[in-house]
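Participant: File start21.txt follows (compact mmCIF, C-alpha atoms):
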```
# COMPACT_ATOMS: atom_id res chain seq x y z
CA MET A 29 10.43 14.57 -20.02
CA ARG A 30 9.22 11.00 -19.78
CA HIS A 31 6.06 9.81 -18.09
CA VAL A 32 6.15 6.25 -16.83
CA THR A 33 3.65 4.17 -14.90
CA GLU A 34 4.81 1.09 -13.05
CA GLU A 35 2.84 -1.51 -11.12
CA LYS A 36 4.34 -2.96 -7.95
CA LYS A 37 3.33 -5.04 -4.98
CA VAL A 38 4.49 -5.08 -1.37
CA ASP A 39 6.24 -8.47 -1.33
CA PRO A 40 5.15 -10.31 1.85
CA GLY A 41 8.49 -12.17 1.72
CA LEU A 42 10.56 -9.00 2.12
CA PRO A 43 12.78 -9.72 5.17
CA TYR A 44 12.52 -6.17 6.53
CA LEU A 45 8.74 -6.42 6.96
CA ALA A 46 9.07 -8.76 9.96
CA GLY A 47 10.56 -5.90 11.95
CA HIS A 48 8.21 -3.15 10.72
CA PHE A 49 6.31 -3.96 12.81
CA PRO A 50 5.84 -7.22 14.72
CA GLU A 51 2.19 -6.42 15.52
CA VAL A 52 1.13 -4.84 12.24
CA THR A 53 3.04 -5.01 8.97
CA ILE A 54 3.51 -1.65 7.27
CA TYR A 55 5.66 -1.13 4.20
CA PRO A 56 8.30 1.39 5.32
CA GLY A 57 7.63 4.66 3.49
CA VAL A 58 11.34 5.14 2.83
CA PHE A 59 11.32 1.95 0.77
CA ILE A 60 9.22 3.83 -1.76
CA ILE A 61 12.22 6.16 -2.25
CA ASP A 62 14.41 3.15 -3.07
CA ASP A 63 11.65 1.76 -5.32
CA VAL A 64 11.63 5.05 -7.23
CA GLU A 65 15.42 4.84 -7.57
CA ARG A 66 15.17 1.32 -9.04
CA ALA A 67 12.35 2.38 -11.36
CA VAL A 68 14.37 5.35 -12.66
CA ALA A 69 17.37 3.09 -13.25
CA ALA A 70 15.18 0.59 -15.11
CA VAL A 71 13.55 3.26 -17.27
CA THR A 72 16.77 5.11 -18.11
CA GLY A 73 18.80 1.92 -18.53
CA ALA A 74 21.69 2.88 -16.21
CA PRO A 75 22.33 2.97 -12.46
CA VAL A 76 21.33 6.10 -10.53
CA HIS A 77 21.62 7.11 -6.89
CA LEU A 78 19.66 9.55 -4.77
CA THR A 79 21.49 12.80 -4.06
CA HIS A 80 18.72 15.24 -3.16
CA LEU A 81 15.35 14.36 -1.70
CA ARG A 82 13.49 17.61 -2.30
CA SER A 83 10.34 16.40 -0.61
CA ALA A 84 8.63 13.20 0.43
CA ARG A 85 5.16 12.79 1.88
CA PHE A 86 3.85 9.51 3.18
CA LEU A 87 0.11 9.90 3.28
CA ARG A 88 -1.33 6.42 3.61
CA PRO A 89 0.38 3.24 4.80
CA LEU A 90 0.84 0.34 2.39
CA LEU A 91 0.37 -3.09 3.92
CA SER A 92 1.89 -6.46 3.12
CA GLY A 93 0.57 -7.73 -0.21
CA ASP A 94 -0.86 -4.35 -1.27
CA GLY A 95 -0.52 -3.55 -4.93
CA PHE A 96 0.57 -0.02 -5.73
CA ARG A 97 1.20 2.03 -8.82
CA PHE A 98 3.88 4.60 -9.53
CA HIS A 99 3.45 7.58 -11.79
CA LEU A 100 6.90 8.93 -12.57
CA GLN A 101 7.91 12.09 -14.40
CA ILE A 102 11.58 11.87 -15.27
CA THR A 103 13.35 14.99 -16.55
CA PRO A 104 17.02 14.97 -17.53
CA ALA A 105 19.07 17.32 -15.33
CA ALA A 106 22.70 18.42 -15.16
CA SER A 107 24.09 15.34 -13.44
CA GLY A 108 21.21 12.92 -13.71
CA PHE A 109 17.44 13.18 -13.44
CA GLU A 110 14.79 15.25 -11.70
CA VAL A 111 12.02 12.88 -10.69
CA ASP A 112 8.50 13.62 -9.60
CA ALA A 113 6.80 10.48 -8.33
CA ARG A 114 3.32 9.77 -7.07
CA CYS A 115 2.48 6.42 -5.56
CA GLU A 116 -1.13 5.20 -5.54
CA GLY A 117 -2.31 2.58 -3.09
CA PRO A 118 -4.66 -0.31 -3.96
CA ASP A 119 -7.73 1.93 -3.54
CA GLY A 120 -6.34 4.50 -5.98
CA VAL A 121 -5.67 6.97 -3.16
CA THR A 122 -2.27 8.70 -3.19
CA ALA A 123 -0.05 6.88 -0.69
CA ALA A 124 3.12 8.91 -1.18
CA THR A 125 4.62 11.70 -3.24
CA ILE A 126 8.35 12.07 -3.82
CA LYS A 127 10.34 14.77 -5.57
CA ALA A 128 14.01 13.98 -5.85
CA VAL A 129 17.21 14.27 -7.83
CA PHE A 130 18.99 11.07 -8.81
CA ASP A 131 22.50 11.33 -10.21
CA ALA A 132 23.83 8.91 -12.77
CA GLY A 133 26.23 6.23 -11.55
CA MET B 27 24.38 14.90 29.21
CA PRO B 28 25.19 11.31 30.19
CA VAL B 29 22.50 9.53 28.21
CA ASP B 30 23.76 6.24 26.81
CA LEU B 31 21.21 3.86 25.36
CA ASP B 32 22.34 0.42 24.26
CA HIS B 33 20.40 -1.74 21.83
CA GLU B 34 18.28 -3.24 24.61
CA ARG B 35 17.10 0.18 25.79
CA ILE B 36 16.57 1.33 22.22
CA SER B 37 14.34 -1.73 21.67
CA ALA B 38 12.31 -0.73 24.72
CA LEU B 39 11.65 2.71 23.19
CA LEU B 40 11.13 1.94 19.48
CA PRO B 41 8.61 -0.59 18.12
CA HIS B 42 10.93 -1.44 15.21
CA ARG B 43 12.58 -4.87 15.35
CA HIS B 44 15.31 -6.77 13.55
CA PRO B 45 16.17 -6.31 10.74
CA MET B 46 14.37 -2.96 10.60
CA LEU B 47 15.78 -1.53 13.85
CA LEU B 48 18.46 0.69 12.35
CA VAL B 49 20.03 2.41 15.36
CA ASP B 50 22.71 0.54 17.32
CA ARG B 51 23.49 2.93 20.12
CA VAL B 52 22.63 6.38 21.45
CA GLU B 53 25.79 7.95 22.80
CA ALA B 54 24.55 11.35 23.91
CA ALA B 55 21.27 13.17 24.22
CA VAL B 56 19.77 16.33 25.63
CA PRO B 57 16.01 15.66 25.87
CA GLY B 58 14.05 18.23 23.91
CA GLU B 59 17.16 19.35 22.04
CA SER B 60 19.62 16.95 20.47
CA LEU B 61 20.88 13.40 20.22
CA GLU B 62 23.86 11.50 18.83
CA ALA B 63 23.37 7.93 17.68
CA ILE B 64 25.43 5.41 15.77
CA LYS B 65 24.50 2.82 13.20
CA THR B 66 27.12 0.40 11.90
CA ILE B 67 26.50 -0.73 8.34
CA SER B 68 26.93 -4.49 7.98
CA ALA B 69 27.32 -6.57 4.84
CA SER B 70 25.07 -9.16 6.51
CA GLU B 71 22.00 -6.89 6.39
CA PRO B 72 19.16 -8.19 4.21
CA CYS B 73 19.62 -5.38 1.65
CA TYR B 74 22.86 -7.07 0.57
CA ALA B 75 21.29 -10.49 -0.02
CA GLY B 76 21.90 -11.21 -3.67
CA ALA B 77 22.74 -7.57 -4.30
CA THR B 78 25.11 -6.56 -7.01
CA GLY B 79 25.84 -3.14 -5.52
CA PHE B 80 27.59 -2.24 -2.29
CA ASP B 81 26.15 1.19 -1.53
CA TYR B 82 23.77 1.28 1.42
CA PRO B 83 20.27 2.09 0.13
CA ALA B 84 19.44 5.78 0.65
CA GLY B 85 16.01 4.86 2.01
CA LEU B 86 17.56 2.82 4.82
CA LEU B 87 20.02 5.59 5.66
CA ILE B 88 17.16 8.10 5.88
CA GLU B 89 15.13 5.61 7.95
CA SER B 90 18.05 5.14 10.33
CA PHE B 91 18.33 8.91 10.84
CA GLY B 92 14.54 9.03 11.27
CA GLN B 93 14.68 6.36 13.97
CA ALA B 94 17.36 8.36 15.81
CA ALA B 95 15.02 11.37 15.58
CA ALA B 96 12.14 9.25 16.90
CA LEU B 97 14.30 8.21 19.87
CA LEU B 98 15.00 11.85 20.65
CA TRP B 99 11.26 12.59 20.48
CA LEU B 100 10.42 9.63 22.74
CA ILE B 101 12.98 10.46 25.43
CA SER B 102 11.83 14.09 25.30
CA ASN B 103 8.10 13.27 25.49
CA PRO B 104 7.58 9.96 27.30
CA SER B 105 3.81 10.34 26.77
CA ALA B 106 4.43 9.72 23.06
CA ALA B 107 5.66 6.19 23.78
CA GLY B 108 3.49 3.18 23.05
CA GLY B 109 2.30 4.04 19.54
CA LEU B 110 4.00 3.59 16.20
CA PRO B 111 6.17 6.55 15.19
CA MET B 112 5.53 6.90 11.48
CA PHE B 113 7.62 8.81 8.99
CA ALA B 114 5.18 11.38 7.56
CA ALA B 115 7.29 13.76 5.50
CA ALA B 116 10.79 14.92 4.64
CA ARG B 117 12.05 18.07 2.99
CA ASP B 118 15.41 18.91 1.50
CA CYS B 119 17.57 15.91 2.43
CA ARG B 120 20.90 15.56 0.69
CA ILE B 121 22.93 12.40 0.36
CA GLU B 122 26.45 13.72 -0.10
CA ALA B 123 28.53 10.54 -0.03
CA ARG B 124 27.85 6.86 -0.39
CA VAL B 125 27.86 4.62 2.65
CA ARG B 126 29.10 1.05 2.55
CA PRO B 127 29.48 -1.97 4.86
CA GLY B 128 31.99 -1.31 7.63
CA ASP B 129 31.09 2.36 7.87
CA VAL B 130 30.02 3.60 11.29
CA VAL B 131 27.40 6.26 10.68
CA ARG B 132 26.93 8.89 13.35
CA HIS B 133 23.59 10.71 13.29
CA LEU B 134 23.50 14.19 14.84
CA VAL B 135 19.83 15.02 15.38
CA ARG B 136 18.17 18.22 16.52
CA LEU B 137 14.53 18.30 17.62
CA GLU B 138 13.09 21.42 16.02
CA GLN B 139 9.47 21.39 17.11
CA VAL B 140 6.74 19.18 18.55
CA ILE B 141 3.17 20.22 17.69
CA ASP B 142 -0.03 18.24 18.21
CA GLY B 143 1.52 14.81 18.05
CA ALA B 144 3.89 15.63 15.20
CA ALA B 145 7.63 16.08 15.63
CA PHE B 146 10.04 17.90 13.33
CA ALA B 147 13.75 17.12 13.35
CA SER B 148 16.83 18.13 11.38
CA GLY B 149 20.50 17.24 11.39
CA GLU B 150 23.23 15.39 9.60
CA SER B 151 24.98 12.04 9.37
CA ARG B 152 28.73 11.55 9.35
CA VAL B 153 31.17 8.75 8.73
CA GLY B 154 34.31 9.72 10.63
CA PRO B 155 34.82 13.44 10.00
CA ARG B 156 32.97 13.37 6.70
CA ARG B 157 29.36 14.48 6.35
CA VAL B 158 27.47 11.91 4.28
CA ALA B 159 23.93 13.28 4.58
CA ALA B 160 22.15 16.47 5.62
CA PHE B 161 18.51 16.63 6.65
CA ALA B 162 16.71 19.99 6.63
CA SER B 163 13.42 18.65 7.96
CA LEU B 164 11.88 15.32 8.82
CA MET B 165 8.37 15.00 10.22
CA ALA B 166 7.01 12.03 12.15
CA VAL B 167 3.62 11.35 13.68
CA ILE B 168 2.52 8.78 16.25
CA LYS B 169 -0.01 6.28 15.00
CA PRO B 170 -1.90 4.37 17.72
CA SER B 171 -0.63 0.79 17.62
CA LYS B 172 -4.13 -0.74 17.52
```
Write the structure described by the file as structure tokens, please.

Facilitator:
Amino acid sequence: MRHVTEEKKVDPGLPYLAGHFPEVTIYPGVFIIDDVERAVAAVTGAPVHLTHLRSARFLRPLLSGDGFRFHLQITPAASGFEVDARCEGPDGVTAATIKAVFDAG
Amino acid sequence: MPVDLDHERISALLPHRHPMLLVDRVEAAVPGESLEAIKTISASEPCYAGATGFDYPAGLLIESFGQAAALLWLISNPSAAGGLPMFAAARDCRIEARVRPGDVVRHLVRLEQVIDGAAFASGESRVGPRRVAAFASLMAVIKPSK
């Protein structure tokens, strides 16, 4: 099992933010799932894709420009990796938790 | 039931806007029970800008299904309209096949339960006859817009 911590920031230039939402900008929680996928690919050095989202909880919204930090536990599995991710918002409070299987390829 | 919502009517129900409005049309719905919506994947979506891959991001596919579920909630409970439907949780969602530009994704949503301002939905997404995703449970809450 590997433990990895990664720092990220909600990029205010992300085109999708304009539509989520016009009145208040909130980083779409599902984007954290794609961020985890990219982080796993970067750490393991090969492409992966989500096949099974065991659970996801979005506990606190992240806003444009917010820094956040991932704590990832990556465990090799039959066809890829079991990943347990916790995402901390700028105040250190847990913003999201994700448990998922990512297959190689 | 003859419910057919085009993009204009969808925009009146959901606060999401381009390019984050990820449902193109609702083709059938039974308020309080079920809904069928389509989303056409386009190579001109921002996720493909400068991208080296062609698979539609799983997060956007799940979001699109979640927006279809939010539409079912909103047409079932008009009093829920006006706030921001926020994705709160998901359990046991499987992505069974990859989706690419040109695919027309059909979301089949069932509303399982609405309790105290939280809605639970389940269902699946298909491209043609093929199931591409299965969703055991998605939960959304309404956040006041201000």

Participant: Residues of chain B no more than 6 Å from chain A, counting all atoms listed in the file: send them over as a ChimeraX atom specification.

Facilitator: /B:42-46,85,114-121

Participant: Compile the contact shell of range 35-38 of chain B as a PyMOL selection string: residues with an atom at most 9 Å away, counting only C-alpha atoms, same-chain residues fewer than 6 positions apart removed.

Facilitator: chain B and resi 47+49-52+97

Participant: Could you give me the centre and size, in Å to one decimal, of an axis-aligned box around all listed atoms of range 34-50 of chain A with 3 Å added on every side, as lines of an AutoDock Vina configuration file?

Facilitator:
```
center_x = 7.8
center_y = -5.5
center_z = 0.8
size_x = 15.9
size_y = 19.3
size_z = 33.8
```

Participant: Just to confirm, what's the straight-line distance from CA of Asp30 in chain B to CA of Val125 in chain B in Å (one decimal)?

Facilitator: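 One can read the CA of Asp30 in chain B to CA of Val125 in chain B distance as 24.6 Å.
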
Participant: With only C-alpha atoms as the basis for distance, which of B:Ala160, B:Leu110, B:Ala69, B:Leu134 is at the shortest distance from Ala95 in chain B?

Facilitator: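 Looking only at the distances to Ala95 in chain B, the closest residue turns out to be B:Leu134.
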
Participant: Can you list, as a list in words, every protein, DNA or RNA residue that comes within 8 Å of Ala74 in chain A when you count all atoms listed in the file, leaving out same-chain residues fewer than 2 positions away?

Facilitator: Ala69, Ala70, Thr72, Val76, Ala132 and Gly133 of chain A

Participant: As an exercise, work out the distance from CA of Phe113 in chain B to CA of Pro41 in chain B in Å and give it to one decimal place.

Facilitator: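 So the two atoms, CA of Phe113 in chain B and CA of Pro41 in chain B, lie 13.1 Å apart.
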
Participant: Quick check, in Å to one decimal: how far apart do CA of Ser107 in chain A and CA of Met29 in chain A lie?

Facilitator: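 For CA of Ser107 in chain A relative to CA of Met29 in chain A, the distance reads 15.2 Å.
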
Participant: Could you pull the residues within 10 Å of Gly92 in chain B, counting all atoms listed in the file, minus those fewer than 5 positions along the same chain, as a list in words?

Facilitator: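 The residues satisfying every condition are Val58 of chain A; Leu48, Val49, Leu86, Leu87, Leu97, Leu98, Pro111, Met112, Phe113, Ala116, His133, Val135, Ala147, Ser148, Phe161, Leu164, Met165 and Ala166 of chain B.
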
Participant: Please determine, counting all atoms listed in the file, which residue among B:Ala84, B:Gly108, B:Arg157, B:Ser68 has the shortest atom-to-atom distance to Arg66 in chain A.

Facilitator: B:Ala84

Participant: If we count all atoms listed in the file and set the cut-off at 9 Å, which residues sit around Glu53 in chain B, ignoring sequence neighbours fewer than 5 positions away in its own chain? Please answer as an NGL selection string.

Facilitator: :B and (28-32 or 61-64)

Participant: Would you kindly return, as JSON, numbers by chain, each protein, DNA or RNA residue with an atom no farther than 10 Å from any atom of Gly79 in chain B, considering all atoms listed in the file and excluding same-chain residues fewer than 5 positions away?

Facilitator: {"A": [75], "B": [73, 74, 126]}

Participant: Would you list the residues near (18.6, 13.1, -12.0), meaning any protein, DNA or RNA residue with an atom at most 7 Å from that point in file coordinates, counting only C-alpha atoms, as a list in words?

Facilitator: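 Residues with an atom close enough to that point: Pro104, Ala105, Ser107, Gly108, Phe109, Glu110, Val111, Val129, Phe130, Asp131 and Ala132 of chain A.
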